[in-house]
file structure25.txt (compact mmCIF, C-alpha atoms)
# COMPACT_ATOMS: atom_id res chain seq x y z
CA MET N 16 -150.11 173.68 -98.98
CA THR N 17 -151.25 171.08 -96.48
CA ASP N 18 -150.79 173.30 -93.44
CA LEU N 19 -152.69 176.51 -93.99
CA SER N 20 -151.63 177.90 -90.65
CA THR N 21 -148.09 178.28 -91.97
CA ASN N 22 -149.21 180.21 -95.01
CA SER N 23 -148.89 183.90 -94.21
CA SER N 24 -150.68 184.88 -97.42
CA PHE N 25 -153.81 182.85 -96.63
CA SER N 26 -157.00 184.85 -96.86
CA ASP N 27 -160.55 184.58 -98.23
CA THR N 28 -159.22 184.48 -101.76
CA PRO N 29 -157.17 181.39 -102.58
CA PRO N 30 -153.55 181.95 -103.66
CA LYS N 31 -153.05 182.46 -107.37
CA ASP N 32 -151.76 179.53 -109.41
CA ALA N 33 -148.02 179.54 -109.81
CA GLY N 34 -146.91 180.91 -113.14
CA PHE N 35 -143.75 180.00 -114.98
CA ALA N 36 -141.99 182.99 -113.38
CA ASP N 37 -142.65 181.55 -109.90
CA TYR N 38 -140.91 178.30 -110.79
CA PHE N 39 -138.07 180.26 -112.34
CA ALA N 40 -137.76 182.29 -109.11
CA LEU N 41 -137.13 178.99 -107.28
CA LEU N 42 -133.82 178.80 -109.13
CA LYS N 43 -132.56 182.05 -107.54
CA PRO N 44 -131.83 183.85 -110.82
CA ARG N 45 -129.75 186.60 -109.20
CA VAL N 46 -127.39 184.10 -107.61
CA MET N 47 -127.35 182.31 -110.96
CA THR N 48 -125.80 185.36 -112.66
CA LEU N 49 -122.79 185.07 -110.36
CA VAL N 50 -122.56 181.32 -111.03
CA VAL N 51 -122.85 181.80 -114.79
CA PHE N 52 -120.30 184.60 -114.94
CA THR N 53 -117.62 182.95 -112.79
CA ALA N 54 -118.10 179.60 -114.55
CA LEU N 55 -117.81 181.34 -117.92
CA VAL N 56 -114.55 182.98 -116.84
CA GLY N 57 -113.22 179.59 -115.68
CA LEU N 58 -114.16 178.06 -119.03
CA LEU N 59 -112.73 180.84 -121.19
CA ALA N 60 -109.57 181.44 -119.13
CA ALA N 61 -108.59 177.79 -119.53
CA PRO N 62 -105.79 177.19 -122.05
CA VAL N 63 -107.82 174.53 -123.90
CA PRO N 64 -110.34 175.79 -126.49
CA VAL N 65 -113.88 174.45 -126.24
CA HIS N 66 -116.36 174.14 -129.12
CA PRO N 67 -118.65 177.19 -128.77
CA PHE N 68 -121.83 175.13 -128.66
CA LEU N 69 -120.44 172.71 -126.06
CA GLY N 70 -119.18 175.71 -124.08
CA PHE N 71 -122.66 177.21 -124.19
CA CYS N 72 -124.17 173.90 -123.06
CA ALA N 73 -121.62 173.58 -120.24
CA ILE N 74 -122.49 177.04 -118.88
CA LEU N 75 -126.21 176.32 -119.25
CA PHE N 76 -125.95 173.04 -117.31
CA ILE N 77 -123.83 174.67 -114.60
CA ALA N 78 -126.49 177.39 -114.31
CA VAL N 79 -129.26 174.79 -114.13
CA GLY N 80 -127.31 172.89 -111.45
CA GLY N 81 -126.87 176.11 -109.47
CA GLY N 82 -130.58 176.82 -109.86
CA ALA N 83 -131.48 173.30 -108.74
CA SER N 84 -129.49 173.74 -105.55
CA GLY N 85 -131.33 177.05 -105.03
CA ALA N 86 -134.69 175.25 -105.32
CA LEU N 87 -133.58 172.58 -102.81
CA ASN N 88 -132.36 175.34 -100.49
CA MET N 89 -135.77 177.05 -100.67
CA TRP N 90 -137.51 173.72 -100.03
CA TRP N 91 -135.48 173.06 -96.87
CA ASP N 92 -135.46 176.67 -95.62
CA ALA N 93 -139.15 177.48 -96.22
CA ASP N 94 -139.73 177.90 -92.47
CA ILE N 95 -136.86 180.40 -92.12
CA ASP N 96 -137.77 182.23 -95.33
CA GLN N 97 -141.28 182.82 -93.98
CA VAL N 98 -139.90 184.69 -90.97
CA MET N 99 -137.31 186.84 -92.74
CA LYS N 100 -138.47 190.04 -94.49
CA ARG N 101 -135.91 189.62 -97.28
CA THR N 102 -137.20 186.16 -98.22
CA ALA N 103 -140.89 186.19 -97.19
CA ARG N 104 -142.04 186.82 -100.77
CA ARG N 105 -140.24 183.80 -102.19
CA PRO N 106 -142.51 181.31 -104.01
CA ILE N 107 -142.85 178.77 -101.16
CA PRO N 108 -143.42 181.04 -98.12
CA SER N 109 -145.84 183.18 -100.14
CA GLY N 110 -147.85 180.03 -100.95
CA ARG N 111 -147.50 180.22 -104.74
CA VAL N 112 -145.45 177.03 -105.03
CA ASP N 113 -145.84 173.89 -102.93
CA SER N 114 -142.69 172.77 -101.09
CA GLY N 115 -143.06 169.27 -102.58
CA GLU N 116 -142.97 170.78 -106.07
CA ALA N 117 -139.79 172.67 -105.20
CA LEU N 118 -138.19 169.43 -103.95
CA ALA N 119 -139.16 167.58 -107.13
CA ILE N 120 -137.91 170.37 -109.40
CA GLY N 121 -134.65 170.60 -107.43
CA LEU N 122 -133.97 166.86 -107.56
CA VAL N 123 -134.86 166.45 -111.24
CA LEU N 124 -132.82 169.46 -112.35
CA SER N 125 -129.86 168.35 -110.19
CA GLY N 126 -129.72 164.95 -111.84
CA PHE N 127 -130.34 166.39 -115.29
CA SER N 128 -127.66 169.09 -115.05
CA CYS N 129 -124.91 166.77 -113.73
CA VAL N 130 -125.54 164.00 -116.27
CA PHE N 131 -125.75 166.39 -119.22
CA LEU N 132 -122.68 168.37 -118.15
CA ALA N 133 -120.75 165.11 -118.01
CA LEU N 134 -122.07 164.15 -121.45
CA ALA N 135 -121.32 167.56 -122.97
CA THR N 136 -117.83 167.90 -121.49
CA ASN N 137 -116.32 165.29 -119.15
CA LEU N 138 -116.96 163.24 -116.02
CA LEU N 139 -114.82 165.48 -113.79
CA ALA N 140 -116.94 168.55 -114.57
CA GLY N 141 -120.18 166.60 -114.01
CA GLY N 142 -118.82 165.15 -110.77
CA LEU N 143 -117.70 168.56 -109.52
CA LEU N 144 -121.16 169.98 -110.22
CA ALA N 145 -122.76 167.09 -108.32
CA PHE N 146 -120.41 167.71 -105.38
CA THR N 147 -121.21 171.45 -105.46
CA ILE N 148 -124.95 170.77 -105.28
CA PHE N 149 -124.38 168.26 -102.45
CA PHE N 150 -122.16 170.73 -100.59
CA TYR N 151 -124.64 173.61 -100.90
CA VAL N 152 -127.75 171.62 -100.05
CA VAL N 153 -126.54 169.08 -97.48
CA ILE N 154 -123.39 170.57 -95.92
CA TYR N 155 -124.43 174.23 -95.95
CA THR N 156 -128.25 174.38 -96.00
CA MET N 157 -129.12 171.31 -93.92
CA TRP N 158 -126.19 171.24 -91.54
CA LEU N 159 -124.03 174.35 -91.16
CA LYS N 160 -126.55 177.14 -91.67
CA ARG N 161 -128.52 176.38 -88.52
CA SER N 162 -125.71 175.04 -86.37
CA THR N 163 -122.64 177.27 -86.53
CA PRO N 164 -121.73 180.95 -87.01
CA GLN N 165 -119.08 179.72 -89.44
CA ASN N 166 -121.92 178.77 -91.81
CA ILE N 167 -121.05 181.47 -94.32
CA VAL N 168 -117.30 180.79 -94.18
CA ILE N 169 -117.46 177.06 -94.93
CA GLY N 170 -120.68 177.19 -96.93
CA GLY N 171 -119.14 179.86 -99.15
CA ALA N 172 -117.19 177.08 -100.82
CA ALA N 173 -120.35 176.06 -102.67
CA GLY N 174 -120.50 179.41 -104.44
CA ALA N 175 -116.78 179.25 -105.19
CA PHE N 176 -116.85 176.01 -107.20
CA PRO N 177 -118.35 177.29 -110.52
CA PRO N 178 -115.08 178.68 -111.98
CA MET N 179 -113.43 175.34 -111.11
CA ILE N 180 -116.24 173.51 -112.91
CA GLY N 181 -115.87 175.78 -115.94
CA TRP N 182 -112.10 175.17 -115.98
CA ALA N 183 -112.61 171.41 -115.59
CA ALA N 184 -115.18 171.43 -118.42
CA ALA N 185 -112.52 172.85 -120.75
CA THR N 186 -109.40 171.02 -119.57
CA GLY N 187 -110.67 167.89 -117.81
CA GLN N 188 -108.42 168.80 -114.88
CA ILE N 189 -108.24 170.88 -111.72
CA GLY N 190 -105.40 173.35 -112.23
CA ILE N 191 -103.75 175.71 -109.76
CA GLU N 192 -105.34 178.59 -111.70
CA SER N 193 -108.85 177.27 -111.07
CA VAL N 194 -108.00 176.76 -107.39
CA LEU N 195 -106.97 180.43 -107.22
CA MET N 196 -110.31 181.48 -108.71
CA PHE N 197 -112.02 179.24 -106.14
CA CYS N 198 -110.05 180.90 -103.31
CA LEU N 199 -110.94 184.37 -104.55
CA THR N 200 -114.69 183.70 -104.32
CA PHE N 201 -114.29 181.67 -101.12
CA MET N 202 -112.52 184.52 -99.28
CA TRP N 203 -114.89 187.14 -100.71
CA THR N 204 -118.06 185.45 -99.43
CA PRO N 205 -117.75 186.06 -95.64
CA PRO N 206 -117.27 189.86 -95.70
CA HIS N 207 -119.99 190.12 -98.38
CA PHE N 208 -122.58 188.29 -96.26
CA TRP N 209 -121.52 189.72 -92.90
CA ALA N 210 -122.05 193.24 -94.27
CA LEU N 211 -125.55 192.13 -95.32
CA ALA N 212 -126.15 190.65 -91.87
CA LEU N 213 -125.19 193.96 -90.24
CA PHE N 214 -127.88 195.98 -92.01
CA MET N 215 -130.53 193.22 -92.21
CA ARG N 216 -130.15 192.91 -88.46
CA ASN N 217 -133.56 191.67 -87.31
CA ASP N 218 -133.99 189.14 -90.09
CA TYR N 219 -131.41 186.63 -88.88
CA ASP N 220 -132.28 187.26 -85.22
CA ASP N 221 -135.97 186.53 -85.85
CA ALA N 222 -135.24 183.39 -87.86
CA GLY N 223 -132.80 182.08 -85.25
CA VAL N 224 -130.05 181.61 -87.81
CA PRO N 225 -126.73 181.65 -85.91
CA MET N 226 -125.07 184.35 -87.97
CA LEU N 227 -121.94 185.86 -86.48
CA THR N 228 -123.92 189.01 -85.64
CA VAL N 229 -126.25 186.90 -83.44
CA THR N 230 -123.73 184.57 -81.75
CA HIS N 231 -120.64 186.74 -81.33
CA GLY N 232 -122.13 190.22 -81.48
CA ARG N 233 -121.96 193.02 -83.97
CA ARG N 234 -118.60 194.40 -82.79
CA SER N 235 -116.97 191.02 -83.43
CA THR N 236 -118.60 190.88 -86.89
CA ARG N 237 -117.03 194.23 -87.78
CA VAL N 238 -113.62 192.90 -86.73
CA HIS N 239 -114.16 189.72 -88.77
CA ILE N 240 -115.07 191.77 -91.86
CA LEU N 241 -111.83 193.75 -91.60
CA VAL N 242 -109.63 190.67 -91.04
CA TYR N 243 -111.18 188.69 -93.91
CA THR N 244 -110.99 191.74 -96.21
CA LEU N 245 -107.26 192.12 -95.50
CA LEU N 246 -106.66 188.42 -96.20
CA LEU N 247 -108.76 188.67 -99.36
CA ALA N 248 -106.82 191.73 -100.55
CA ALA N 249 -103.49 189.87 -100.15
CA LEU N 250 -104.86 186.91 -102.09
CA ALA N 251 -106.50 189.00 -104.83
CA ILE N 252 -103.40 191.12 -105.44
CA GLY N 253 -101.10 188.09 -105.20
CA THR N 254 -103.18 186.37 -107.89
CA GLY N 255 -102.15 189.20 -110.20
CA PHE N 256 -98.63 187.70 -110.38
CA THR N 257 -99.82 184.22 -111.39
CA ALA N 258 -100.70 182.66 -114.74
CA ILE N 259 -104.26 184.04 -114.71
CA GLY N 260 -103.09 187.54 -113.74
CA GLY N 261 -101.35 190.29 -115.66
CA PRO N 262 -101.00 194.09 -115.74
CA VAL N 263 -104.72 194.74 -116.39
CA TYR N 264 -105.83 192.38 -113.62
CA LEU N 265 -103.24 193.80 -111.22
CA ALA N 266 -104.37 197.39 -111.86
CA VAL N 267 -108.02 196.41 -111.25
CA ALA N 268 -107.10 194.40 -108.15
CA VAL N 269 -105.00 197.16 -106.58
CA ALA N 270 -107.68 199.83 -107.16
CA LEU N 271 -110.62 197.72 -105.98
CA ASN N 272 -108.84 196.24 -102.98
CA ALA N 273 -107.82 199.71 -101.83
CA LEU N 274 -111.51 200.70 -101.93
CA PHE N 275 -112.60 197.43 -100.31
CA VAL N 276 -110.09 197.69 -97.45
CA LYS N 277 -111.15 201.32 -96.94
CA GLY N 278 -114.79 200.18 -96.77
CA ALA N 279 -113.95 197.45 -94.24
CA TRP N 280 -111.90 199.94 -92.23
CA ASP N 281 -114.88 202.33 -92.12
CA ILE N 282 -117.16 199.51 -90.92
CA TRP N 283 -114.64 198.49 -88.25
CA ARG N 284 -114.33 202.06 -86.93
CA ARG N 285 -118.06 202.59 -86.53
CA ASP N 286 -120.24 201.67 -83.61
CA GLU N 287 -123.93 200.80 -83.68
CA ASP N 288 -125.09 204.33 -82.87
CA ALA N 289 -123.21 205.80 -85.81
CA SER N 290 -124.55 203.08 -88.12
CA GLU N 291 -128.13 203.56 -87.03
CA THR N 292 -127.87 207.31 -87.45
CA ASP N 293 -127.31 207.02 -91.21
CA ASN N 294 -129.23 203.72 -91.61
CA PHE N 295 -126.09 201.62 -92.10
CA ALA N 296 -124.86 203.67 -95.06
CA ALA N 297 -121.26 202.40 -94.83
CA GLU N 298 -122.37 198.77 -94.53
CA ARG N 299 -124.73 199.09 -97.50
CA LYS N 300 -122.03 200.80 -99.57
CA PHE N 301 -119.56 198.01 -98.72
CA PHE N 302 -122.12 195.36 -99.72
CA LYS N 303 -122.74 197.03 -103.11
CA LEU N 304 -119.01 197.43 -103.65
CA SER N 305 -118.51 193.72 -102.89
CA LEU N 306 -120.72 192.83 -105.87
CA LEU N 307 -118.71 195.06 -108.20
CA TYR N 308 -115.50 193.72 -106.62
CA LEU N 309 -116.10 190.11 -107.61
CA PHE N 310 -117.44 190.84 -111.10
CA ALA N 311 -114.53 193.21 -111.82
CA HIS N 312 -111.88 190.71 -110.66
CA PHE N 313 -113.31 187.90 -112.78
CA GLY N 314 -113.87 190.35 -115.65
CA ALA N 315 -110.17 191.26 -115.47
CA ILE N 316 -109.16 187.56 -115.50
CA LEU N 317 -111.35 187.13 -118.59
CA LEU N 318 -109.78 190.18 -120.23
CA GLU N 319 -106.27 188.86 -119.56
CA ALA N 320 -107.24 185.52 -121.10
CA GLY N 321 -108.73 187.32 -124.12
CA LEU N 322 -105.61 189.44 -124.58
CA ALA N 323 -103.44 186.33 -124.30
CA ARG N 324 -105.09 184.97 -127.46
CA PHE N 325 -103.52 187.96 -129.25
CA GLY N 326 -100.16 187.56 -127.49
CA MET N 327 -100.76 190.51 -125.16
CA GLY N 328 -102.19 189.14 -121.90
CA GLY N 329 -100.41 188.02 -118.74
CA TRP N 330 -96.77 188.67 -117.91
CA ALA N 331 -95.22 186.85 -120.85
CA MET L 30 -161.24 164.02 -129.30
CA SER L 31 -160.06 167.60 -128.88
CA ILE L 32 -161.14 169.90 -126.07
CA GLY L 33 -163.88 172.11 -127.43
CA LYS L 34 -164.45 174.39 -124.50
CA THR L 35 -161.74 176.39 -122.78
CA HIS L 36 -161.89 176.14 -119.02
CA GLU L 37 -160.81 178.94 -116.71
CA LEU L 38 -157.99 176.61 -115.61
CA HIS L 39 -156.46 176.84 -119.09
CA LYS L 40 -156.17 180.60 -118.77
CA ARG L 41 -154.67 180.42 -115.29
CA ARG L 42 -152.03 177.91 -116.30
CA PHE L 43 -151.27 179.38 -119.73
CA SER L 44 -147.87 180.89 -118.84
CA ARG L 45 -146.79 177.71 -117.11
CA ASN L 46 -147.76 175.53 -120.06
CA VAL L 47 -146.10 177.81 -122.60
CA GLY L 48 -142.94 177.85 -120.47
CA VAL L 49 -142.82 174.06 -120.20
CA GLY L 50 -143.43 173.75 -123.96
CA LEU L 51 -140.59 176.13 -124.77
CA LEU L 52 -138.29 174.31 -122.33
CA LEU L 53 -139.01 170.97 -123.98
CA ALA L 54 -138.33 172.46 -127.42
CA ALA L 55 -135.06 173.94 -126.15
CA PHE L 56 -134.09 170.60 -124.61
CA ILE L 57 -134.61 168.83 -127.94
CA ALA L 58 -132.56 171.48 -129.74
CA ILE L 59 -129.72 171.16 -127.22
CA VAL L 60 -129.57 167.37 -127.39
CA PHE L 61 -129.66 167.54 -131.20
CA GLY L 62 -126.93 170.20 -131.26
CA MET L 63 -124.72 168.28 -128.84
CA THR L 64 -125.12 165.14 -130.93
CA VAL L 65 -124.16 166.96 -134.14
CA VAL L 66 -121.09 168.56 -132.51
CA LYS L 67 -119.94 165.29 -130.93
CA ILE L 68 -120.37 163.38 -134.19
CA THR L 69 -118.70 165.92 -136.47
CA SER L 70 -115.71 166.64 -134.26
CA GLY L 71 -113.22 164.65 -132.24
CA GLU L 72 -112.73 160.90 -132.31
CA VAL L 73 -116.18 160.02 -133.60
CA GLY L 74 -115.83 162.48 -136.50
CA ALA L 75 -112.38 161.15 -137.34
CA ALA L 76 -113.65 157.59 -137.21
CA LEU L 77 -116.53 158.43 -139.54
CA GLN L 78 -114.07 159.95 -142.00
CA GLY L 79 -111.92 156.82 -141.82
CA LYS L 80 -108.91 158.61 -140.32
CA GLY L 81 -108.63 156.12 -137.46
CA ARG L 82 -108.16 153.23 -139.88
CA VAL L 83 -105.49 155.06 -141.87
CA GLU L 84 -103.55 155.98 -138.72
CA ASN L 85 -103.72 152.39 -137.53
CA GLY L 86 -102.50 151.19 -140.89
CA ASN L 87 -105.58 149.05 -141.57

call {"tool": "encode", "arguments": {"input": "structure25.txt", "output": "structure tokens"}}
result
Amino acid sequence: MTDLSTNSSFSDTPPKDAGFADYFALLKPRVMTLVVFTALVGLLAAPVPVHPFLGFCAILFIAVGGGASGALNMWWDADIDQVMKRTARRPIPSGRVDSGEALAIGLVLSGFSCVFLALATNLLAGGLLAFTIFFYVVIYTMWLKRSTPQNIVIGGAAGAFPPMIGWAAATGQIGIESVLMFCLTFMWTPPHFWALALFMRNDYDDAGVPMLTVTHGRRSTRVHILVYTLLLAALAIGTGFTAIGGPVYLAVAVALNALFVKGAWDIWRRDEDASETDNFAAERKFFKLSLLYLFAHFGAILLEAGLARFGMGGWA
Amino acid sequence: MSIGKTHELHKRRFSRNVGVGLLLAAFIAIVFGMTVVKITSGEVGAALQGKGRVENGN
């Protein structure tokens, strides 16, 4: 670190050398699980079979690309991460990894992942991965995140691309089915993050990030969560009647969307006093449910695709 | 000339060096595997087996 005054962990003892785990943490492994899973579903739900080894490579390169964008995000947002409790222990703000190293790792892995995905599968998949990294780093991290309360809404597109990339890796095309998977993640992102913003209240305020809770108030955020959840429920259940849906998917979607709408309704009905009384229990519950929600929907799409191989999936 | 004495730095950076070594080995394995798959399947594989020439009537 060149500026010791910005290093909150500075003391008499110098910071420990970064281990391999610190560099791995730059790639945001938890976010990577979502990227890997949704990309895998996109790849396997596609009607074109992929050689297992090339499929494995495709998912690996998509994961590396996602991780690279995470490293570039941490490089750019090191000042914000230092202020927020949730992110203060990340490798750069804690002083374990230099921001220049994070930039170098992010750039090298970005180039590597896009080129090798294109080599392993096709140019469209490699190009889509490059666009996803660009969208997440430049459009979301550098531009939208600090300038508009719609940051999560538009920036959510970056996290929604992986199933499209997986589908493109298998088919070489962008099909309506992959667009539906994109829309599912895209519409899921805002209520997921706004619930987080409600119970991590001081974090975004302190960092000056214009989250909806900061710019439009917490009441408005609760309304937004309900509206987006209703739109998401219509989309998720409607997807059940398309080529990637089927009876299993529809059953999962109906059950989970009923729970999700109920959760959003509970959040909308509450005021700040009620939330503070039980330490934002409803908001935390909704956030946890949102994680299960996305994994279960994509799991059901995968199951339908698997059953279709035996002539049982979908509506046919 | 090999390093005879282990410095404290070697201990501190051991996990990092092992990780980078394993990553390089994995990278080689992946490139090798991709090459094998690409060569033994698809157009390149068919060309190597002479199928392209038969189909073209040559």

call {"tool": "closest_residue", "arguments": {"input": "structure25.txt", "among": "N:Lys277, N:Ala103, N:Leu122, N:Leu132", "to": "chain L", "atoms": "only C-alpha atoms"}}
result
N:Leu132

call {"tool": "interface_residues", "arguments": {"input": "structure25.txt", "of": "chain L", "to": "chain N", "cutoff": "10 Å", "atoms": "all atoms listed in the file", "output": "PDB file with C-alpha atoms, in the coordinates of the input"}}
result
ATOM      1  CA  LEU L  38    -157.990 176.610-115.610  1.00  0.00           C
ATOM      2  CA  ARG L  41    -154.670 180.420-115.290  1.00  0.00           C
ATOM      3  CA  ARG L  42    -152.030 177.910-116.300  1.00  0.00           C
ATOM      4  CA  PHE L  43    -151.270 179.380-119.730  1.00  0.00           C
ATOM      5  CA  SER L  44    -147.870 180.890-118.840  1.00  0.00           C
ATOM      6  CA  ARG L  45    -146.790 177.710-117.110  1.00  0.00           C
ATOM      7  CA  ASN L  46    -147.760 175.530-120.060  1.00  0.00           C
ATOM      8  CA  VAL L  47    -146.100 177.810-122.600  1.00  0.00           C
ATOM      9  CA  GLY L  48    -142.940 177.850-120.470  1.00  0.00           C
ATOM     10  CA  VAL L  49    -142.820 174.060-120.200  1.00  0.00           C
ATOM     11  CA  ILE L  59    -129.720 171.160-127.220  1.00  0.00           C
ATOM     12  CA  VAL L  60    -129.570 167.370-127.390  1.00  0.00           C
ATOM     13  CA  GLY L  62    -126.930 170.200-131.260  1.00  0.00           C
ATOM     14  CA  MET L  63    -124.720 168.280-128.840  1.00  0.00           C
ATOM     15  CA  THR L  64    -125.120 165.140-130.930  1.00  0.00           C
ATOM     16  CA  VAL L  66    -121.090 168.560-132.510  1.00  0.00           C
ATOM     17  CA  LYS L  67    -119.940 165.290-130.930  1.00  0.00           C
ATOM     18  CA  SER L  70    -115.710 166.640-134.260  1.00  0.00           C
TER      19      SER L  70
END

call {"tool": "atom_distance", "arguments": {"input": "structure25.txt", "atom1": "CA of Pro106 in chain N", "atom2": "CA of Leu41 in chain N"}}
result
6.7 Å

call {"tool": "closest_residue", "arguments": {"input": "structure25.txt", "among": "N:Thr257, N:Thr48, N:Thr244, N:Gln188", "to": "Ala61 in chain N", "atoms": "all atoms listed in the file"}}
result
N:Gln188

call {"tool": "closest_residue", "arguments": {"input": "structure25.txt", "among": "N:Leu307, N:Ala258, N:Val153, N:Ala86", "to": "Glu192 in chain N", "atoms": "only C-alpha atoms"}}
result
N:Ala258

call {"tool": "residues_around", "arguments": {"input": "structure25.txt", "residues": "range 139-145 of chain N", "least_positions_apart": "6", "cutoff": "6 Å", "atoms": "only C-alpha atoms", "output": "list of chain:residue names"}}
result
N:Cys129, N:Leu132, N:Ala133, N:Ile180, N:Ala183, N:Ala184

call {"tool": "atom_distance", "arguments": {"input": "structure25.txt", "atom1": "CA of Ala117 in chain N", "atom2": "CA of Trp90 in chain N"}}
result
5.7 Å

call {"tool": "closest_residue", "arguments": {"input": "structure25.txt", "among": "N:Phe201, N:Val123, N:Thr186, N:Leu322", "to": "Gly171 in chain N", "atoms": "all atoms listed in the file"}}
result
N:Phe201

call {"tool": "atom_distance", "arguments": {"input": "structure25.txt", "atom1": "CA of Thr163 in chain N", "atom2": "CA of Pro225 in chain N"}}
result
6.0 Å

call {"tool": "residues_around", "arguments": {"input": "structure25.txt", "residues": "Ser162 in chain N", "least_positions_apart": "6", "cutoff": "12 Å", "atoms": "all atoms listed in the file", "output": "list in words"}}
result
Ile154, Tyr155, Thr156, Gly170, Gly223, Val224, Pro225, Met226, Leu227 and Thr230 of chain N

call {"tool": "residues_around", "arguments": {"input": "structure25.txt", "residues": "Leu195 in chain N", "least_positions_apart": "2", "cutoff": "9 Å", "atoms": "only C-alpha atoms", "output": "list of chain:residue names"}}
result
N:Gly190, N:Ile191, N:Glu192, N:Ser193, N:Phe197, N:Cys198, N:Leu199, N:Thr200, N:Leu250, N:Ala251, N:Thr254, N:Ile259

call {"tool": "residues_around", "arguments": {"input": "structure25.txt", "residues": "Arg284 in chain N", "least_positions_apart": "4", "cutoff": "9 Å", "atoms": "only C-alpha atoms", "output": "NGL selection string"}}
result
:N and (237 or 279-280)

call {"tool": "axis_aligned_box", "arguments": {"input": "structure25.txt", "around": "range 34-42 of chain L", "padding_each_side": "4 Å", "output": "lines of an AutoDock Vina configuration file"}}
result
center_x = -158.2
center_y = 177.5
center_z = -119.9
size_x = 20.4
size_y = 14.2
size_z = 17.2

call {"tool": "decode", "arguments": {"input": "structure25.txt", "residues": "range 124-141 of chain N", "atoms": "N, CA and C atoms", "output": "tab-separated table (two decimals), in the first residue's frame"}}
result
chain	number	residue	atom	x	y	z
N	124	LEU	N	-7.05	-12.25	-15.93
N	124	LEU	CA	-8.05	-13.31	-15.92
N	124	LEU	C	-9.21	-12.99	-16.86
N	125	SER	N	-9.55	-11.71	-17.02
N	125	SER	CA	-10.62	-11.34	-17.98
N	125	SER	C	-10.24	-11.75	-19.39
N	126	GLY	N	-9.05	-11.34	-19.80
N	126	GLY	CA	-8.59	-11.68	-21.15
N	126	GLY	C	-8.48	-13.18	-21.34
N	127	PHE	N	-7.89	-13.85	-20.34
N	127	PHE	CA	-7.71	-15.30	-20.42
N	127	PHE	C	-9.05	-16.01	-20.56
N	128	SER	N	-10.02	-15.67	-19.70
N	128	SER	CA	-11.28	-16.41	-19.68
N	128	SER	C	-12.05	-16.23	-20.99
N	129	CYS	N	-12.07	-15.00	-21.53
N	129	CYS	CA	-12.84	-14.75	-22.77
N	129	CYS	C	-12.20	-15.48	-23.96
N	130	VAL	N	-10.89	-15.39	-24.08
N	130	VAL	CA	-10.20	-16.04	-25.21
N	130	VAL	C	-10.37	-17.55	-25.13
N	131	PHE	N	-10.19	-18.11	-23.93
N	131	PHE	CA	-10.27	-19.57	-23.83
N	131	PHE	C	-11.71	-20.09	-23.93
N	132	LEU	N	-12.68	-19.29	-23.49
N	132	LEU	CA	-14.07	-19.71	-23.69
N	132	LEU	C	-14.40	-19.75	-25.18
N	133	ALA	N	-13.92	-18.73	-25.90
N	133	ALA	CA	-14.14	-18.70	-27.35
N	133	ALA	C	-13.46	-19.89	-28.03
N	134	LEU	N	-12.25	-20.24	-27.57
N	134	LEU	CA	-11.53	-21.37	-28.16
N	134	LEU	C	-12.22	-22.70	-27.82
N	135	ALA	N	-12.70	-22.82	-26.60
N	135	ALA	CA	-13.32	-24.08	-26.17
N	135	ALA	C	-14.69	-24.28	-26.81
N	136	THR	N	-15.43	-23.17	-26.99
N	136	THR	CA	-16.80	-23.32	-27.50
N	136	THR	C	-16.98	-22.53	-28.81
N	137	ASN	N	-17.33	-21.26	-28.70
N	137	ASN	CA	-17.51	-20.45	-29.91
N	137	ASN	C	-17.33	-18.97	-29.60
N	138	LEU	N	-17.24	-18.18	-30.66
N	138	LEU	CA	-16.96	-16.74	-30.51
N	138	LEU	C	-18.10	-16.01	-29.79
N	139	LEU	N	-19.35	-16.44	-30.04
N	139	LEU	CA	-20.48	-15.76	-29.40
N	139	LEU	C	-20.38	-15.86	-27.88
N	140	ALA	N	-20.08	-17.07	-27.39
N	140	ALA	CA	-19.97	-17.27	-25.94
N	140	ALA	C	-18.83	-16.42	-25.37
N	141	GLY	N	-17.68	-16.43	-26.04
N	141	GLY	CA	-16.55	-15.61	-25.59
N	141	GLY	C	-16.88	-14.13	-25.60
